[in-house]
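So the structure is just underneath, and the comments pick up after that.
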Amino acid sequence: MGDAPQHLTADGYLDRYEAAAERDPMRGPALLAGWLRTEWRPLFAELRARRPILRTPAFTLVTRFPDVTEVLQNGDIFTVSGYASRLDPAVGGPVMLTRDGTPLNWREKGLMQVMLPPEDVPRVRALVARTADRALDAAEPRGRIDLVGELARPVCTTVCAEYFGFSGPTPETLARWSRAIITDLTANLAGDPEIHAASLAAGREMMDHLRGVAAERRADGGAAHRQDVFARLLGTVLPGELAWDDDRIVINVAGLLLGFLENAVGSTTHLVRQLLLRPEVHRAAVRAANEPDTTEFDRHVWEALRFDPFLKMISRVCAREHVLAAGTPRETVVPAGTLVLAAVASAMFDETAVPEPDRFRTDRPPHTRLHFGHGPHACVGVHPGAAVISETVRRLLLRPGLRLLDPPDGTVVRDRDVFPDRFWLGLGGDER
Ligand code: HEM
């Protein structure tokens with residue numbers, strides 16, 4: 001995803017798509033799926049210019065900023081019902097992400113916002129700084145670090161343990177559960193039954209484990225002395241008619257892991273590569289990393305991620321026929337039942353909303369960033385989640401001699417072409 005050289009001019013994707021679809025209607029979407037992995041920028045550039053809302057027999061692809069945000073804002077029309085059959089059975093019950101404007105979504109999103117407040121950011125940054133520095137100190141004498149396995153993953157599992165308040169039997173098991181479930185949720189468009197079965201098996205193990213942690217915490221008097229999110233959840237007493245039980249708490253705790261781990265590791269990997277590919281930007285980011293106020297550094301982080309977002313599209317199912325982009329030349333009828341892919345990665349290159357999209361600019365207003373979603377399902381973990389990514393990258397950039405390595409070492413190695421598993425970077429003066 002995003003590692004192949006990309007030519008940024010439109011070069012006939014639509015013609016090739018249409019020629020293939022004419023021979024076999026399902027061949028077109030398969031061709032698109034391949035390009036979406038490796039040539040998303042030129043593909044989206046051409047679609048934005050020539051066919052901003054592309055209807056295929058398998059899905060409708062939406063690429064312009066106003067249309068992507070129209071999809072994400074209108075939760076009653078563009079629903080998350082497609083997630084339910086994947087995620088709910090894995091965790092054993094409904095999850096806020098799989099429920100549209102229901103009482104469950106309203107209540108639990110509100111509660112989880114309280115549990116993950118912006119005030120936690122300094123504490124999360126301090127935890128990340130300590131953990132990242134330890135990993136970097138250990139790697140520096142070797143002159144290289146695997147950003148995925150030696151930095152981003154250990155930082156994220158430490159955040160799970162110390163801030164969210166739970167570990168797996170091992171960090172590797174925690175990561176395996178999360179990977180299996182998220183693969184089924186986001187990278188199984190074709191509905192492969194083996195991927196789904198692996199997610200269910202991982203979910204059973206994970207939920208048994210988390211229920212055990214909750215029971216231990218209850219036995220420990222609710223662990224009121226602890227300051228983590230799990231303890232906050234167990235210690236929250238709501239009035240009778242609003243009360244929630246440990247089953248709901250444990251499902252929301254699972255959501256902490258599932259919302260966070262792959263997104264944070266993937267985003268960190270992608271954006272570091274984008275920063276290091278641009279020597280001038282890298283130098284400016286290092287200067288900003290040395291400032292006590294992280295505002296300017298954060299702008300570098302989110303702008304770098306725009307050039308290769310980990311999550312490029314957000315999927316929805318159209319509940320009833322809707323005229324998308326009504327009253328514009330792009331106006332398109334989306335029939336009920338359509339799988340709609342809102343291409344946030346494309347929207348962030350739409351020059352009508354993001355001026356000079358091909359330039360790295362740190363002065364862009366926050367509303368142009370869609371990394372944490374948009375509308376009713378926007379990320380509930382945005383504050384701590386953003387802090388983890390930014391502080392991990394900041395500690396890394398403060399190390400001298402940080403650089404990309406030549407292939408094959410410097411290549412991002414991925415599982416299923418999606419999830420980063422390894423990405424070696426050079427550190428210090430050693431040119432190995
Ligand atoms: C503390 C860490 C995190 C937690 C606990 C978390 C949790 C969640 C939850 C529960 C939702 C669903 C909200 C709803 O349905 O109303 C969500 C949505 C989302 N999150 Fe996060 N998340 C975290 C970090 C991240 C990170 C690091 C990213 C990417 C950089 C991210 C990107 C998103 C996106 C794009 C959505 C929207 C999904 C959609 O609309 O279908 N999250 N997150």
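Going through the structure tokens in order, the chains are called A, B, and so on, while each chain numbers its residues from 1 and the ligands are numbered from 1 in the order shown.
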Taking 3 positions as the minimum chain separation for residues in the same chain, which residues sit within 8 Å of Gly93 (chain A) when counting only C-alpha atoms? Answer as a PDB file with C-alpha atoms, in the first residue's frame.
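Output contents, as saved in result_29.pdb:
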ATOM      1  CA  ASP A  88     -20.301  -8.306  16.735  1.00  0.00           C
ATOM      2  CA  PRO A  89     -19.838 -12.094  16.682  1.00  0.00           C
ATOM      3  CA  ILE A 251     -16.809  -5.099  24.916  1.00  0.00           C
TER       4      ILE A 251
END
(request) Considering only C-alpha atoms, return as an MDAnalysis selection string whatever protein or nucleic-acid residues lie within 10 Å of region 262-269 of chain A, sequence-local ones (same chain, fewer than 4 positions apart) excluded. (result) chainID A and resid 147:149 151:156 175 178:179 182:183 257:258 273:274 301:302 304:306 308:311 371:372 385:386 388:390 392:393 412 414 418:423
Considering only C-alpha atoms and all ligand atoms, give me a table of residues in chain A that are at most 6 Å from ligand 1, with the closest atom pair and distance in Å for each, as a tab-separated table.
residue	atom	partner	partner_atom_place_in_ligand_line	distance
A:Met96	CA	ligand 1	15 (O)	4.7
A:Leu97	CA	ligand 1	15 (O)	3.2
A:Lys109	CA	ligand 1	16 (O)	5.9
A:Gly255	CA	ligand 1	10 (C)	5.4
A:Leu256	CA	ligand 1	5 (C)	3.8
A:Gly259	CA	ligand 1	6 (C)	3.8
A:Phe260	CA	ligand 1	3 (C)	4.0
A:Asn263	CA	ligand 1	29 (C)	4.8
A:Ala264	CA	ligand 1	27 (C)	4.1
A:Ser267	CA	ligand 1	30 (C)	5.7
A:Ile314	CA	ligand 1	41 (O)	5.4
A:His371	CA	ligand 1	30 (C)	5.2
A:Phe372	CA	ligand 1	35 (C)	4.0
A:Gly373	CA	ligand 1	35 (C)	3.7
A:Pro376	CA	ligand 1	16 (O)	5.8
A:His377	CA	ligand 1	16 (O)	3.4
A:Ala378	CA	ligand 1	37 (C)	4.7
A:Cys379	CA	ligand 1	18 (C)	3.5
A:Val380	CA	ligand 1	8 (C)	4.9
A:Gly381	CA	ligand 1	4 (C)	3.6
A:Val382	CA	ligand 1	24 (C)	5.6
A:Pro384	CA	ligand 1	1 (C)	4.9
A:Gly385	CA	ligand 1	2 (C)	3.9
A:Ala386	CA	ligand 1	27 (C)	5.8
(request) Would you mind writing down, as a PyMOL selection string, each residue of region 51-176 of chain A that DSSP on the backbone assigns to alpha helix (DSSP H)? (result) chain A and resi 65-73+81-91+103-115+121-139+153-159+171-176
Residue selection dump (C-alpha atoms) as an mmCIF file, in the first residue's frame:
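Written file, result.cif:
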data_model
loop_
_atom_site.group_PDB
_atom_site.id
_atom_site.type_symbol
_atom_site.label_atom_id
_atom_site.label_comp_id
_atom_site.auth_asym_id
_atom_site.auth_seq_id
_atom_site.Cartn_x
_atom_site.Cartn_y
_atom_site.Cartn_z
ATOM 1 C CA PHE A 65 -14.003 15.945 -0.405
ATOM 2 C CA PRO A 66 -17.595 17.271 -0.209
ATOM 3 C CA ASP A 67 -19.015 13.916 -1.309
ATOM 4 C CA VAL A 68 -16.854 11.853 1.056
ATOM 5 C CA THR A 69 -17.922 14.038 3.977
ATOM 6 C CA GLU A 70 -21.566 13.902 2.822
ATOM 7 C CA VAL A 71 -21.385 10.100 3.055
ATOM 8 C CA LEU A 72 -19.714 10.107 6.471
ATOM 9 C CA GLN A 73 -21.988 12.777 7.934
ATOM 10 C CA SER A 81 -24.561 -2.071 9.185
ATOM 11 C CA GLY A 82 -21.885 -3.820 7.089
ATOM 12 C CA TYR A 83 -19.550 -3.984 10.096
ATOM 13 C CA ALA A 84 -22.040 -5.758 12.380
ATOM 14 C CA SER A 85 -21.870 -9.244 10.870
ATOM 15 C CA ARG A 86 -18.063 -9.178 11.167
ATOM 16 C CA LEU A 87 -17.356 -7.449 14.445
ATOM 17 C CA ASP A 88 -20.301 -8.306 16.735
ATOM 18 C CA PRO A 89 -19.838 -12.094 16.682
ATOM 19 C CA ALA A 90 -16.089 -11.661 17.290
ATOM 20 C CA VAL A 91 -16.648 -9.726 20.526
ATOM 21 C CA PRO A 103 -29.358 4.456 22.070
ATOM 22 C CA LEU A 104 -26.400 2.063 22.459
ATOM 23 C CA ASN A 105 -24.164 4.118 20.192
ATOM 24 C CA TRP A 106 -25.251 7.401 21.779
ATOM 25 C CA ARG A 107 -24.731 6.259 25.354
ATOM 26 C CA GLU A 108 -21.544 4.272 24.952
ATOM 27 C CA LYS A 109 -19.856 6.801 22.717
ATOM 28 C CA GLY A 110 -20.608 9.473 25.304
ATOM 29 C CA LEU A 111 -19.245 7.333 28.105
ATOM 30 C CA MET A 112 -16.116 6.397 26.191
ATOM 31 C CA GLN A 113 -15.490 10.067 25.386
ATOM 32 C CA VAL A 114 -15.506 10.716 29.118
ATOM 33 C CA MET A 115 -13.077 7.810 29.636
ATOM 34 C CA VAL A 121 -2.754 13.675 26.612
ATOM 35 C CA PRO A 122 0.230 14.901 28.727
ATOM 36 C CA ARG A 123 0.262 11.662 30.711
ATOM 37 C CA VAL A 124 -0.004 9.532 27.552
ATOM 38 C CA ARG A 125 2.786 11.513 25.883
ATOM 39 C CA ALA A 126 5.026 11.031 28.933
ATOM 40 C CA LEU A 127 4.391 7.269 28.945
ATOM 41 C CA VAL A 128 5.104 7.049 25.223
ATOM 42 C CA ALA A 129 8.264 9.148 25.570
ATOM 43 C CA ARG A 130 9.680 6.838 28.269
ATOM 44 C CA THR A 131 8.827 3.669 26.376
ATOM 45 C CA ALA A 132 10.064 4.936 23.016
ATOM 46 C CA ASP A 133 13.324 6.227 24.499
ATOM 47 C CA ARG A 134 14.025 2.829 26.072
ATOM 48 C CA ALA A 135 13.469 1.110 22.717
ATOM 49 C CA LEU A 136 15.613 3.664 20.887
ATOM 50 C CA ASP A 137 18.426 3.450 23.480
ATOM 51 C CA ALA A 138 18.496 -0.333 23.018
ATOM 52 C CA ALA A 139 18.560 -0.092 19.215
ATOM 53 C CA ARG A 153 4.334 -2.113 18.607
ATOM 54 C CA PRO A 154 6.085 -2.082 22.016
ATOM 55 C CA VAL A 155 4.922 1.506 22.574
ATOM 56 C CA CYS A 156 1.323 0.580 21.730
ATOM 57 C CA THR A 157 1.241 -2.559 23.883
ATOM 58 C CA THR A 158 2.680 -0.531 26.780
ATOM 59 C CA VAL A 159 -0.080 2.045 26.272
ATOM 60 C CA PRO A 171 2.154 -8.682 23.822
ATOM 61 C CA GLU A 172 2.376 -10.949 20.759
ATOM 62 C CA THR A 173 -0.938 -12.628 21.628
ATOM 63 C CA LEU A 174 -2.621 -9.269 22.072
ATOM 64 C CA ALA A 175 -1.318 -8.205 18.667
ATOM 65 C CA ARG A 176 -2.417 -11.504 17.077
#
(request) Please measure the separation of CA of Pro366 (chain A) and CA of Glu296 (chain A), giving the value in Å to one decimal. (result)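 Answer for the CA of Pro366 (chain A) to CA of Glu296 (chain A) separation: 12.4 Å.
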(request) Would you please work out which residue, of A:Phe166, A:Phe44, A:Phe307, A:Trp35, is nearest to His270 (chain A) when using only C-alpha atoms? (result)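 Among the listed residues, the smallest separation from His270 (chain A) belongs to A:Phe307.
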(message) Show me, as a PyMOL selection string, the residues that have an atom within 12 Å of Arg283 (chain A) when counting only C-alpha atoms, minus same-chain residues fewer than 2 positions from it.
(response) chain A and resi 275-281+285-290+297+300+397-398+400-403
(request) Would you please work out which residue, of A:Glu351, A:Leu404, A:Leu61, A:Thr79, is nearest to Arg320 (chain A) when using only C-alpha atoms? (result)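 Nearest to Arg320 (chain A): A:Thr79.
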